[in-house]
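The structure appears right after this line, and notes come after that.
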2 protein chains.
Amino acid sequence: MKLEEAIKSNKFRNNIHKATLNILYTAWWLKRVMAVELKEYGLTHEQFNVLRILKGKHPEQICVGEIASRMIEKSSNVPRIIDRLETKKLVKRVTSDADKRETRIVLTQAGINILQHSTERINKVIDSSINISEKKADSLNQILEEMRRTER
Amino acid sequence: MKLEEAIKSNKFRNNIHKATLNILYTAWWLKRVMAVELKEYGLTHEQFNVLRILKGKHPEQICVGEIASRMIEKSSNVPRIIDRLETKKLVKRVTSDADKRETRIVLTQAGINILQHSTERINKVIDSSINISEKKADSLNQILEEMRRTER
DNA sequence: TAAAATTAAATGTACATACATATATTTGTA
DNA sequence: TACAAATATATGTATGTACATTTAATTTTA
């Protein structure tokens, strides 16, 4: 759906202002597309993100802070997301021997299995739902990087 | 910050997959830039969005459902956001005479004032923080629209 | 027109975000 | 080495999301 229809407005100060709304709307749309698939595995988007980060380092154990530093949304409350993954027995918490302040997180076999299946599903839905060429995706990436360049 | 640094990963299946992560990260970044400014007015991003929608129609009263249909994030729980705006006396709830199921929302003078000041601030921060040309913003908009074209 | 279906908004619940504070441990330094 | 500062994680609280259910009012239809 076009942005104008989606938010029932076509009054934008300029293309840059419109682009900010368009990014926010597209992010919401993307999350929703993925959430539909993840729901079959009883996972939220954020839980999936944490599992994927763990997989990237597996079988190395990584600590809560390192997971946090790799999250897409930096203000995610990682301990709370781990709580839910632990309840579902997809991860385990282990206190680090080297530094007892650190909690290291380990994927269980159940966690590895669910991640493998859900990742296949997410890859499939991205391939089928996102309809742009590699070339356009590349220029999209370039524009987004340029856009954030201030960092304030 | 480049996406690779932000999420400490440079392993992407392809540019399209990278673009989805880039959009999610940029949306989070945009929300955060705006939230910093809105905080001075005691407003959240979503409360600001509701006020702006009301302003667009002011002095016409619009109902909860119509606000919901104009929200950027479609699953926002509008009655709850209105609760907080009402507590702060920025809006008032009025039961519609024509249809008593409907609740119509009215901006108070305090709501109009806070919206005016916060909008100026948000416009300023977008102008100063988003560093792309009008032309690039236009192609960004086009790519995002194309990207969402399936709608599943 | 009375009952059923639909609609609008509010409410309940689980999960997540945003940010402040608490607790335990480690590190730096007087 | 004792104590202060820093660090890692957990927890508290307000807000928001996602979705199901409830309540009240309106519309449809038998």
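Ligands are numbered from 1 in the order shown, residues from 1 within each chain, and chains are lettered A, B, ... in the order they appear in the structure tokens.
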Who sits within 10 Å of region 18-26 of chain C, only C-alpha atoms (C1' of nucleotides), same chain under 4 positions skipped, as a list in words: Ser75, Ser76, Asn77, Asp99, Lys100, Arg101 and Glu102 of chain A; DA6, DT7, DA8, DT9, DA10, DT11, DG12, DT13, DA14 and DT15 of chain D
Keeping C-alpha atoms (C1' of nucleotides) for every residue in the selection just given, could you write it to a file as an mmCIF file, in the first residue's frame?
```
data_model
loop_
_atom_site.group_PDB
_atom_site.id
_atom_site.type_symbol
_atom_site.label_atom_id
_atom_site.label_comp_id
_atom_site.auth_asym_id
_atom_site.auth_seq_id
_atom_site.Cartn_x
_atom_site.Cartn_y
_atom_site.Cartn_z
ATOM 1 C CA SER A 75 17.376 -0.154 23.933
ATOM 2 C CA SER A 76 16.065 -3.711 24.037
ATOM 3 C CA ASN A 77 16.019 -5.096 27.554
ATOM 4 C CA ASP A 99 33.949 -12.943 35.923
ATOM 5 C CA LYS A 100 31.036 -13.757 38.192
ATOM 6 C CA ARG A 101 29.211 -10.560 37.207
ATOM 7 C CA GLU A 102 28.773 -11.918 33.703
ATOM 8 C "C1'" DA D 6 33.404 1.144 37.517
ATOM 9 C "C1'" DT D 7 31.121 -2.742 35.384
ATOM 10 C "C1'" DA D 8 27.545 -6.564 34.406
ATOM 11 C "C1'" DT D 9 23.236 -7.894 35.083
ATOM 12 C "C1'" DA D 10 18.832 -7.771 37.088
ATOM 13 C "C1'" DT D 11 14.709 -5.400 38.521
ATOM 14 C "C1'" DG D 12 11.047 -1.625 38.950
ATOM 15 C "C1'" DT D 13 7.864 1.327 36.522
ATOM 16 C "C1'" DA D 14 5.594 3.774 32.861
ATOM 17 C "C1'" DT D 15 4.542 3.393 28.182
#
```
Step one, run DSSP on the backbone; step two, keep only residues of chain B assigned to alpha helix (DSSP H); then write them as a JSON list (two decimals) with C-alpha atoms, in the first residue's frame.
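Written file, selection-v3.json:
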```
[["chain", "number", "residue", "atom", "x", "y", "z"],
["B", 3, "LEU", "CA", 24.99, -0.92, 9.91],
["B", 4, "GLU", "CA", 27.90, -3.35, 10.18],
["B", 5, "GLU", "CA", 29.25, -1.52, 13.22],
["B", 6, "ALA", "CA", 25.82, -0.97, 14.74],
["B", 15, "ASN", "CA", 21.61, -6.82, -0.29],
["B", 16, "ILE", "CA", 17.88, -7.30, 0.15],
["B", 17, "HIS", "CA", 18.36, -9.05, 3.47],
["B", 18, "LYS", "CA", 20.77, -6.33, 4.51],
["B", 19, "ALA", "CA", 18.24, -3.69, 3.46],
["B", 20, "THR", "CA", 15.57, -5.15, 5.76],
["B", 21, "LEU", "CA", 17.94, -4.92, 8.73],
["B", 22, "ASN", "CA", 19.01, -1.45, 7.62],
["B", 23, "ILE", "CA", 15.41, -0.22, 7.53],
["B", 24, "LEU", "CA", 14.67, -1.67, 10.97],
["B", 25, "TYR", "CA", 17.80, -0.08, 12.40],
["B", 26, "THR", "CA", 17.19, 3.29, 10.72],
["B", 27, "ALA", "CA", 13.60, 3.34, 12.01],
["B", 28, "TRP", "CA", 14.88, 2.74, 15.53],
["B", 29, "TRP", "CA", 17.49, 5.48, 15.04],
["B", 30, "LEU", "CA", 14.87, 7.95, 13.75],
["B", 31, "LYS", "CA", 12.52, 7.25, 16.65],
["B", 32, "ARG", "CA", 15.33, 7.83, 19.07],
["B", 33, "VAL", "CA", 16.38, 11.14, 17.50],
["B", 34, "MET", "CA", 12.79, 12.35, 17.76],
["B", 35, "ALA", "CA", 12.20, 10.94, 21.24],
["B", 36, "VAL", "CA", 15.08, 12.98, 22.63],
["B", 37, "GLU", "CA", 13.38, 16.18, 21.47],
["B", 38, "LEU", "CA", 9.86, 15.15, 22.46],
["B", 39, "LYS", "CA", 10.96, 14.27, 25.96],
["B", 45, "HIS", "CA", 6.53, 9.57, 19.74],
["B", 46, "GLU", "CA", 3.11, 7.92, 19.62],
["B", 47, "GLN", "CA", 1.41, 10.61, 21.68],
["B", 48, "PHE", "CA", 2.91, 13.18, 19.31],
["B", 49, "ASN", "CA", 1.59, 11.23, 16.34],
["B", 50, "VAL", "CA", -1.96, 11.22, 17.78],
["B", 51, "LEU", "CA", -1.82, 14.95, 18.51],
["B", 52, "ARG", "CA", -0.62, 15.63, 14.97],
["B", 53, "ILE", "CA", -3.48, 13.61, 13.51],
["B", 54, "LEU", "CA", -5.96, 15.60, 15.62],
["B", 55, "LYS", "CA", -4.37, 18.84, 14.48],
["B", 56, "GLY", "CA", -4.76, 17.85, 10.84],
["B", 57, "LYS", "CA", -8.54, 17.89, 11.25],
["B", 64, "VAL", "CA", -10.86, 6.89, 17.93],
["B", 65, "GLY", "CA", -11.16, 4.60, 14.92],
["B", 66, "GLU", "CA", -10.26, 7.33, 12.48],
["B", 67, "ILE", "CA", -7.17, 8.18, 14.51],
["B", 68, "ALA", "CA", -6.20, 4.49, 14.48],
["B", 69, "SER", "CA", -6.54, 4.33, 10.70],
["B", 70, "ARG", "CA", -4.05, 7.20, 10.32],
["B", 78, "VAL", "CA", -5.25, 4.21, 20.46],
["B", 79, "PRO", "CA", -7.61, 4.25, 23.50],
["B", 80, "ARG", "CA", -4.60, 3.72, 25.75],
["B", 81, "ILE", "CA", -2.61, 6.54, 24.15],
["B", 82, "ILE", "CA", -5.66, 8.80, 24.51],
["B", 83, "ASP", "CA", -5.83, 7.84, 28.22],
["B", 84, "ARG", "CA", -2.40, 9.39, 28.75],
["B", 85, "LEU", "CA", -3.11, 12.48, 26.69],
["B", 86, "GLU", "CA", -6.35, 12.96, 28.64],
["B", 87, "THR", "CA", -4.55, 12.63, 31.98],
["B", 109, "GLN", "CA", -5.77, 24.68, 24.10],
["B", 110, "ALA", "CA", -2.90, 23.12, 26.06],
["B", 111, "GLY", "CA", -2.77, 20.36, 23.45],
["B", 112, "ILE", "CA", -2.64, 22.87, 20.61],
["B", 113, "ASN", "CA", 0.16, 24.80, 22.32],
["B", 114, "ILE", "CA", 2.35, 21.81, 23.11],
["B", 115, "LEU", "CA", 1.85, 20.46, 19.61],
["B", 116, "GLN", "CA", 2.88, 23.72, 18.01],
["B", 117, "HIS", "CA", 6.11, 23.95, 19.98],
["B", 118, "SER", "CA", 7.01, 20.28, 19.67],
["B", 119, "THR", "CA", 6.31, 20.29, 15.94],
["B", 120, "GLU", "CA", 8.70, 23.19, 15.41],
["B", 121, "ARG", "CA", 11.33, 21.26, 17.33],
["B", 122, "ILE", "CA", 10.76, 18.04, 15.38],
["B", 123, "ASN", "CA", 10.90, 19.88, 12.06],
["B", 124, "LYS", "CA", 14.15, 21.49, 13.10],
["B", 125, "VAL", "CA", 15.74, 18.21, 14.18],
["B", 126, "ILE", "CA", 14.73, 16.48, 10.95],
["B", 127, "ASP", "CA", 16.15, 19.34, 8.89],
["B", 128, "SER", "CA", 19.43, 19.25, 10.78],
["B", 129, "SER", "CA", 19.87, 15.51, 11.35],
["B", 134, "GLU", "CA", 15.56, 16.00, -1.84],
["B", 135, "LYS", "CA", 16.42, 13.95, -4.91],
["B", 136, "LYS", "CA", 17.79, 11.03, -2.89],
["B", 137, "ALA", "CA", 14.84, 11.23, -0.51],
["B", 138, "ASP", "CA", 12.61, 10.90, -3.55],
["B", 139, "SER", "CA", 14.36, 7.77, -4.80],
["B", 140, "LEU", "CA", 14.33, 6.38, -1.26],
["B", 141, "ASN", "CA", 10.56, 6.87, -1.20],
["B", 142, "GLN", "CA", 10.20, 5.16, -4.56],
["B", 143, "ILE", "CA", 12.26, 2.14, -3.53],
["B", 144, "LEU", "CA", 10.35, 1.75, -0.25],
["B", 145, "GLU", "CA", 7.01, 1.88, -2.09],
["B", 146, "GLU", "CA", 8.21, -0.71, -4.57],
["B", 147, "MET", "CA", 9.50, -2.90, -1.78]]
```
Contact residues (chain C, partner chain B, 10 Å, only C-alpha atoms (C1' of nucleotides)) as a list of chain:residue names: C:DT7, C:DA8, C:DA9, C:DA10, C:DT11
How would the residues just chosen look if you wrote them out with C-alpha atoms (C1' of nucleotides) as an mmCIF file, in the first residue's frame?
```cif
data_model
loop_
_atom_site.group_PDB
_atom_site.id
_atom_site.type_symbol
_atom_site.label_atom_id
_atom_site.label_comp_id
_atom_site.auth_asym_id
_atom_site.auth_seq_id
_atom_site.Cartn_x
_atom_site.Cartn_y
_atom_site.Cartn_z
ATOM 1 C "C1'" DT C 7 -19.543 -2.019 14.873
ATOM 2 C "C1'" DA C 8 -16.874 1.201 18.168
ATOM 3 C "C1'" DA C 9 -14.403 1.581 22.007
ATOM 4 C "C1'" DA C 10 -12.548 -0.134 26.154
ATOM 5 C "C1'" DT C 11 -10.179 -3.622 28.729
#
```
Return chain A as a PDB file with C-alpha atoms, in the first residue's frame, after superposing it on chain B by a least-squares fit that covers all C-alpha atoms paired in order.
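Okay, out.pdb is ready:
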```pdb
ATOM      1  CA  MET A   1      27.153   4.610  12.279  1.00  0.00           C
ATOM      2  CA  LYS A   2      27.361   1.994   9.549  1.00  0.00           C
ATOM      3  CA  LEU A   3      25.002  -0.945   9.900  1.00  0.00           C
ATOM      4  CA  GLU A   4      27.918  -3.382  10.148  1.00  0.00           C
ATOM      5  CA  GLU A   5      29.265  -1.556  13.197  1.00  0.00           C
ATOM      6  CA  ALA A   6      25.832  -1.009  14.720  1.00  0.00           C
ATOM      7  CA  ILE A   7      24.921  -4.681  14.828  1.00  0.00           C
ATOM      8  CA  LYS A   8      28.502  -6.026  14.744  1.00  0.00           C
ATOM      9  CA  SER A   9      27.893  -8.225  11.747  1.00  0.00           C
ATOM     10  CA  ASN A  10      28.797  -8.166   8.101  1.00  0.00           C
ATOM     11  CA  LYS A  11      27.304 -11.465   7.118  1.00  0.00           C
ATOM     12  CA  PHE A  12      24.177 -10.781   5.064  1.00  0.00           C
ATOM     13  CA  ARG A  13      22.604 -13.272   2.668  1.00  0.00           C
ATOM     14  CA  ASN A  14      22.274 -10.537   0.040  1.00  0.00           C
ATOM     15  CA  ASN A  15      21.601  -6.829  -0.315  1.00  0.00           C
ATOM     16  CA  ILE A  16      17.882  -7.310   0.139  1.00  0.00           C
ATOM     17  CA  HIS A  17      18.335  -9.048   3.457  1.00  0.00           C
ATOM     18  CA  LYS A  18      20.783  -6.339   4.495  1.00  0.00           C
ATOM     19  CA  ALA A  19      18.242  -3.697   3.455  1.00  0.00           C
ATOM     20  CA  THR A  20      15.585  -5.146   5.758  1.00  0.00           C
ATOM     21  CA  LEU A  21      17.954  -4.925   8.724  1.00  0.00           C
ATOM     22  CA  ASN A  22      19.028  -1.458   7.613  1.00  0.00           C
ATOM     23  CA  ILE A  23      15.424  -0.220   7.536  1.00  0.00           C
ATOM     24  CA  LEU A  24      14.694  -1.666  10.974  1.00  0.00           C
ATOM     25  CA  TYR A  25      17.844  -0.085  12.385  1.00  0.00           C
ATOM     26  CA  THR A  26      17.213   3.283  10.725  1.00  0.00           C
ATOM     27  CA  ALA A  27      13.627   3.339  12.021  1.00  0.00           C
ATOM     28  CA  TRP A  28      14.937   2.741  15.537  1.00  0.00           C
ATOM     29  CA  TRP A  29      17.536   5.494  15.035  1.00  0.00           C
ATOM     30  CA  LEU A  30      14.911   7.945  13.767  1.00  0.00           C
ATOM     31  CA  LYS A  31      12.563   7.254  16.654  1.00  0.00           C
ATOM     32  CA  ARG A  32      15.375   7.839  19.081  1.00  0.00           C
ATOM     33  CA  VAL A  33      16.404  11.150  17.497  1.00  0.00           C
ATOM     34  CA  MET A  34      12.818  12.355  17.764  1.00  0.00           C
ATOM     35  CA  ALA A  35      12.221  10.933  21.249  1.00  0.00           C
ATOM     36  CA  VAL A  36      15.106  13.010  22.627  1.00  0.00           C
ATOM     37  CA  GLU A  37      13.379  16.204  21.472  1.00  0.00           C
ATOM     38  CA  LEU A  38       9.857  15.163  22.463  1.00  0.00           C
ATOM     39  CA  LYS A  39      10.982  14.285  25.957  1.00  0.00           C
ATOM     40  CA  GLU A  40      11.325  17.985  26.760  1.00  0.00           C
ATOM     41  CA  TYR A  41       7.596  18.277  26.193  1.00  0.00           C
ATOM     42  CA  GLY A  42       6.828  15.112  28.160  1.00  0.00           C
ATOM     43  CA  LEU A  43       5.550  13.452  24.999  1.00  0.00           C
ATOM     44  CA  THR A  44       6.259  10.053  23.507  1.00  0.00           C
ATOM     45  CA  HIS A  45       6.555   9.566  19.778  1.00  0.00           C
ATOM     46  CA  GLU A  46       3.127   7.899  19.648  1.00  0.00           C
ATOM     47  CA  GLN A  47       1.404  10.615  21.695  1.00  0.00           C
ATOM     48  CA  PHE A  48       2.912  13.172  19.321  1.00  0.00           C
ATOM     49  CA  ASN A  49       1.584  11.207  16.360  1.00  0.00           C
ATOM     50  CA  VAL A  50      -1.954  11.210  17.791  1.00  0.00           C
ATOM     51  CA  LEU A  51      -1.826  14.950  18.515  1.00  0.00           C
ATOM     52  CA  ARG A  52      -0.620  15.624  14.974  1.00  0.00           C
ATOM     53  CA  ILE A  53      -3.476  13.595  13.510  1.00  0.00           C
ATOM     54  CA  LEU A  54      -5.962  15.580  15.607  1.00  0.00           C
ATOM     55  CA  LYS A  55      -4.384  18.839  14.463  1.00  0.00           C
ATOM     56  CA  GLY A  56      -4.761  17.824  10.823  1.00  0.00           C
ATOM     57  CA  LYS A  57      -8.548  17.875  11.238  1.00  0.00           C
ATOM     58  CA  HIS A  58      -8.936  20.540  13.931  1.00  0.00           C
ATOM     59  CA  PRO A  59     -11.367  22.008  14.901  1.00  0.00           C
ATOM     60  CA  GLU A  60     -13.324  19.045  13.558  1.00  0.00           C
ATOM     61  CA  GLN A  61     -13.608  16.304  16.166  1.00  0.00           C
ATOM     62  CA  ILE A  62     -12.451  12.906  15.012  1.00  0.00           C
ATOM     63  CA  CYS A  63     -13.202   9.509  16.488  1.00  0.00           C
ATOM     64  CA  VAL A  64     -10.843   6.892  17.905  1.00  0.00           C
ATOM     65  CA  GLY A  65     -11.138   4.605  14.897  1.00  0.00           C
ATOM     66  CA  GLU A  66     -10.245   7.330  12.463  1.00  0.00           C
ATOM     67  CA  ILE A  67      -7.159   8.180  14.514  1.00  0.00           C
ATOM     68  CA  ALA A  68      -6.203   4.489  14.489  1.00  0.00           C
ATOM     69  CA  SER A  69      -6.530   4.332  10.706  1.00  0.00           C
ATOM     70  CA  ARG A  70      -4.043   7.194  10.346  1.00  0.00           C
ATOM     71  CA  MET A  71      -1.389   5.895  12.736  1.00  0.00           C
ATOM     72  CA  ILE A  72       1.971   4.918  11.268  1.00  0.00           C
ATOM     73  CA  GLU A  73       2.022   1.726  13.338  1.00  0.00           C
ATOM     74  CA  LYS A  74      -1.344   0.173  12.647  1.00  0.00           C
ATOM     75  CA  SER A  75      -1.468  -1.990  15.744  1.00  0.00           C
ATOM     76  CA  SER A  76      -1.169   0.949  18.122  1.00  0.00           C
ATOM     77  CA  ASN A  77      -3.710   0.770  20.915  1.00  0.00           C
ATOM     78  CA  VAL A  78      -5.239   4.216  20.464  1.00  0.00           C
ATOM     79  CA  PRO A  79      -7.623   4.254  23.478  1.00  0.00           C
ATOM     80  CA  ARG A  80      -4.647   3.746  25.774  1.00  0.00           C
ATOM     81  CA  ILE A  81      -2.640   6.540  24.170  1.00  0.00           C
ATOM     82  CA  ILE A  82      -5.688   8.811  24.509  1.00  0.00           C
ATOM     83  CA  ASP A  83      -5.877   7.854  28.221  1.00  0.00           C
ATOM     84  CA  ARG A  84      -2.445   9.404  28.780  1.00  0.00           C
ATOM     85  CA  LEU A  85      -3.148  12.502  26.697  1.00  0.00           C
ATOM     86  CA  GLU A  86      -6.387  12.976  28.632  1.00  0.00           C
ATOM     87  CA  THR A  87      -4.603  12.650  31.990  1.00  0.00           C
ATOM     88  CA  LYS A  88      -2.269  15.428  30.834  1.00  0.00           C
ATOM     89  CA  LYS A  89      -5.323  17.450  29.732  1.00  0.00           C
ATOM     90  CA  LEU A  90      -4.076  17.728  26.141  1.00  0.00           C
ATOM     91  CA  VAL A  91      -7.268  16.183  24.733  1.00  0.00           C
ATOM     92  CA  LYS A  92     -10.841  15.576  25.853  1.00  0.00           C
ATOM     93  CA  ARG A  93     -13.151  12.632  25.150  1.00  0.00           C
ATOM     94  CA  VAL A  94     -16.688  13.427  24.009  1.00  0.00           C
ATOM     95  CA  THR A  95     -19.318  10.781  23.283  1.00  0.00           C
ATOM     96  CA  SER A  96     -20.755  11.327  19.833  1.00  0.00           C
ATOM     97  CA  ASP A  97     -24.408  12.406  19.767  1.00  0.00           C
ATOM     98  CA  ALA A  98     -25.022  10.852  16.379  1.00  0.00           C
ATOM     99  CA  ASP A  99     -23.606   7.458  17.378  1.00  0.00           C
ATOM    100  CA  LYS A 100     -23.138   6.789  21.069  1.00  0.00           C
ATOM    101  CA  ARG A 101     -20.631   4.004  20.376  1.00  0.00           C
ATOM    102  CA  GLU A 102     -18.196   6.564  19.024  1.00  0.00           C
ATOM    103  CA  THR A 103     -15.850   8.585  21.204  1.00  0.00           C
ATOM    104  CA  ARG A 104     -14.767  11.810  19.584  1.00  0.00           C
ATOM    105  CA  ILE A 105     -11.510  13.392  20.617  1.00  0.00           C
ATOM    106  CA  VAL A 106     -10.987  17.130  20.958  1.00  0.00           C
ATOM    107  CA  LEU A 107      -7.685  18.965  21.276  1.00  0.00           C
ATOM    108  CA  THR A 108      -7.563  21.329  24.249  1.00  0.00           C
ATOM    109  CA  GLN A 109      -5.775  24.687  24.057  1.00  0.00           C
ATOM    110  CA  ALA A 110      -2.919  23.132  26.037  1.00  0.00           C
ATOM    111  CA  GLY A 111      -2.776  20.370  23.443  1.00  0.00           C
ATOM    112  CA  ILE A 112      -2.647  22.871  20.592  1.00  0.00           C
ATOM    113  CA  ASN A 113       0.153  24.799  22.302  1.00  0.00           C
ATOM    114  CA  ILE A 114       2.341  21.814  23.100  1.00  0.00           C
ATOM    115  CA  LEU A 115       1.849  20.462  19.591  1.00  0.00           C
ATOM    116  CA  GLN A 116       2.878  23.723  18.001  1.00  0.00           C
ATOM    117  CA  HIS A 117       6.107  23.959  19.973  1.00  0.00           C
ATOM    118  CA  SER A 118       7.021  20.293  19.669  1.00  0.00           C
ATOM    119  CA  THR A 119       6.312  20.284  15.928  1.00  0.00           C
ATOM    120  CA  GLU A 120       8.709  23.185  15.402  1.00  0.00           C
ATOM    121  CA  ARG A 121      11.327  21.263  17.317  1.00  0.00           C
ATOM    122  CA  ILE A 122      10.768  18.033  15.380  1.00  0.00           C
ATOM    123  CA  ASN A 123      10.910  19.869  12.055  1.00  0.00           C
ATOM    124  CA  LYS A 124      14.170  21.491  13.105  1.00  0.00           C
ATOM    125  CA  VAL A 125      15.758  18.215  14.178  1.00  0.00           C
ATOM    126  CA  ILE A 126      14.756  16.484  10.954  1.00  0.00           C
ATOM    127  CA  ASP A 127      16.166  19.334   8.882  1.00  0.00           C
ATOM    128  CA  SER A 128      19.454  19.252  10.774  1.00  0.00           C
ATOM    129  CA  SER A 129      19.901  15.508  11.344  1.00  0.00           C
ATOM    130  CA  ILE A 130      18.776  13.935   8.110  1.00  0.00           C
ATOM    131  CA  ASN A 131      21.506  14.531   5.623  1.00  0.00           C
ATOM    132  CA  ILE A 132      20.278  13.581   2.205  1.00  0.00           C
ATOM    133  CA  SER A 133      19.217  15.596  -0.799  1.00  0.00           C
ATOM    134  CA  GLU A 134      15.579  15.997  -1.811  1.00  0.00           C
ATOM    135  CA  LYS A 135      16.442  13.950  -4.892  1.00  0.00           C
ATOM    136  CA  LYS A 136      17.807  11.028  -2.872  1.00  0.00           C
ATOM    137  CA  ALA A 137      14.858  11.235  -0.504  1.00  0.00           C
ATOM    138  CA  ASP A 138      12.631  10.901  -3.517  1.00  0.00           C
ATOM    139  CA  SER A 139      14.363   7.786  -4.799  1.00  0.00           C
ATOM    140  CA  LEU A 140      14.345   6.382  -1.252  1.00  0.00           C
ATOM    141  CA  ASN A 141      10.569   6.881  -1.193  1.00  0.00           C
ATOM    142  CA  GLN A 142      10.217   5.172  -4.557  1.00  0.00           C
ATOM    143  CA  ILE A 143      12.266   2.148  -3.522  1.00  0.00           C
ATOM    144  CA  LEU A 144      10.358   1.766  -0.253  1.00  0.00           C
ATOM    145  CA  GLU A 145       7.009   1.907  -2.077  1.00  0.00           C
ATOM    146  CA  GLU A 146       8.209  -0.693  -4.561  1.00  0.00           C
ATOM    147  CA  MET A 147       9.492  -2.894  -1.768  1.00  0.00           C
ATOM    148  CA  ARG A 148       6.091  -3.116  -0.078  1.00  0.00           C
ATOM    149  CA  ARG A 149       4.251  -3.772  -3.311  1.00  0.00           C
ATOM    150  CA  THR A 150       3.220  -7.370  -2.564  1.00  0.00           C
ATOM    151  CA  GLU A 151       1.261  -6.557   0.581  1.00  0.00           C
ATOM    152  CA  ARG A 152       0.727 -10.347   0.864  1.00  0.00           C
TER     153      ARG A 152
END
```
Return as a VMD selection string the full set of residues in region 8-147 of chain A whose backbone-based DSSP assignment is strand (DSSP E or B). chain A and resid 62 to 63 91 to 95 103 to 107
Contacts from chain D to chain B, 10 Å maximum, only C-alpha atoms (C1' of nucleotides): show me the residue list as a list in words.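 Taking only C-alpha atoms (C1' of nucleotides) into account, DT15, DG16, DT17, DA18, DC19, DA24, DA25 and DT26 of chain D sit within 10 Å of chain B.
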Include N, CA and C atoms (P, O5', C5', C4', C3', O3' and C1' of nucleotides) and write out the residues we just selected as a CSV table (one decimal), in the first residue's frame.
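For reference, result.csv as written:
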```csv
chain,number,residue,atom,x,y,z
D,15,DT,P,2.9,6.8,31.9
D,15,DT,O5',3.2,6.1,30.5
D,15,DT,C5',4.4,6.6,29.8
D,15,DT,C4',4.6,5.7,28.6
D,15,DT,C3',3.4,5.4,27.7
D,15,DT,O3',3.7,6.0,26.5
D,15,DT,C1',4.5,3.4,28.2
D,16,DG,P,2.6,6.0,25.3
D,16,DG,O5',2.9,4.7,24.5
D,16,DG,C5',4.1,4.5,23.8
D,16,DG,C4',4.2,3.1,23.2
D,16,DG,C3',3.0,2.7,22.4
D,16,DG,O3',3.4,2.3,21.1
D,16,DG,C1',3.5,1.0,23.9
D,17,DT,P,2.5,1.7,20.0
D,17,DT,O5',2.7,0.2,20.1
D,17,DT,C5',4.0,-0.4,19.9
D,17,DT,C4',3.9,-1.9,19.8
D,17,DT,C3',2.9,-2.4,18.8
D,17,DT,O3',3.5,-3.6,18.2
D,17,DT,C1',2.4,-3.3,20.9
D,18,DA,P,3.0,-4.1,16.8
D,18,DA,O5',2.1,-5.4,17.3
D,18,DA,C5',2.7,-6.5,17.9
D,18,DA,C4',1.6,-7.4,18.3
D,18,DA,C3',0.5,-7.6,17.4
D,18,DA,O3',0.4,-9.0,17.1
D,18,DA,C1',-0.3,-7.2,19.6
D,19,DC,P,-0.7,-9.5,16.0
D,19,DC,O5',-1.9,-10.1,16.9
D,19,DC,C5',-1.5,-10.9,18.0
D,19,DC,C4',-2.7,-11.0,18.9
D,19,DC,C3',-4.1,-11.1,18.2
D,19,DC,O3',-4.8,-12.1,18.8
D,19,DC,C1',-4.2,-9.6,20.0
D,24,DA,P,-22.4,-2.5,29.5
D,24,DA,O5',-22.7,-1.5,28.3
D,24,DA,C5',-21.8,-0.4,28.1
D,24,DA,C4',-22.1,0.1,26.7
D,24,DA,C3',-23.7,0.3,26.4
D,24,DA,O3',-23.9,1.6,26.1
D,24,DA,C1',-22.6,-0.9,24.6
D,25,DA,P,-25.3,2.2,25.7
D,25,DA,O5',-25.3,2.2,24.1
D,25,DA,C5',-24.3,3.0,23.4
D,25,DA,C4',-24.4,2.7,22.0
D,25,DA,C3',-25.8,2.9,21.4
D,25,DA,O3',-25.6,3.9,20.3
D,25,DA,C1',-24.9,0.8,20.7
D,26,DT,P,-26.9,4.4,19.5
D,26,DT,O5',-26.7,3.5,18.2
D,26,DT,C5',-25.5,3.6,17.4
D,26,DT,C4',-25.5,2.5,16.3
D,26,DT,C3',-26.8,2.7,15.4
D,26,DT,O3',-26.2,2.8,14.0
D,26,DT,C1',-26.5,0.4,16.0
```
Against region 1-4 of chain D, which residues of chain C fall within 9 Å? For each one I want the closest pair of atoms and the distance in Å (one decimal), counting only C-alpha atoms (C1' of nucleotides), rows by chain and increasing residue number, as a tab-separated table.
```
residue	atom	partner	partner_atom	distance
C:DG28	C1'	D:DA4	C1'	8.7
C:DT29	C1'	D:DA4	C1'	8.3
C:DA30	C1'	D:DC3	C1'	8.8
```
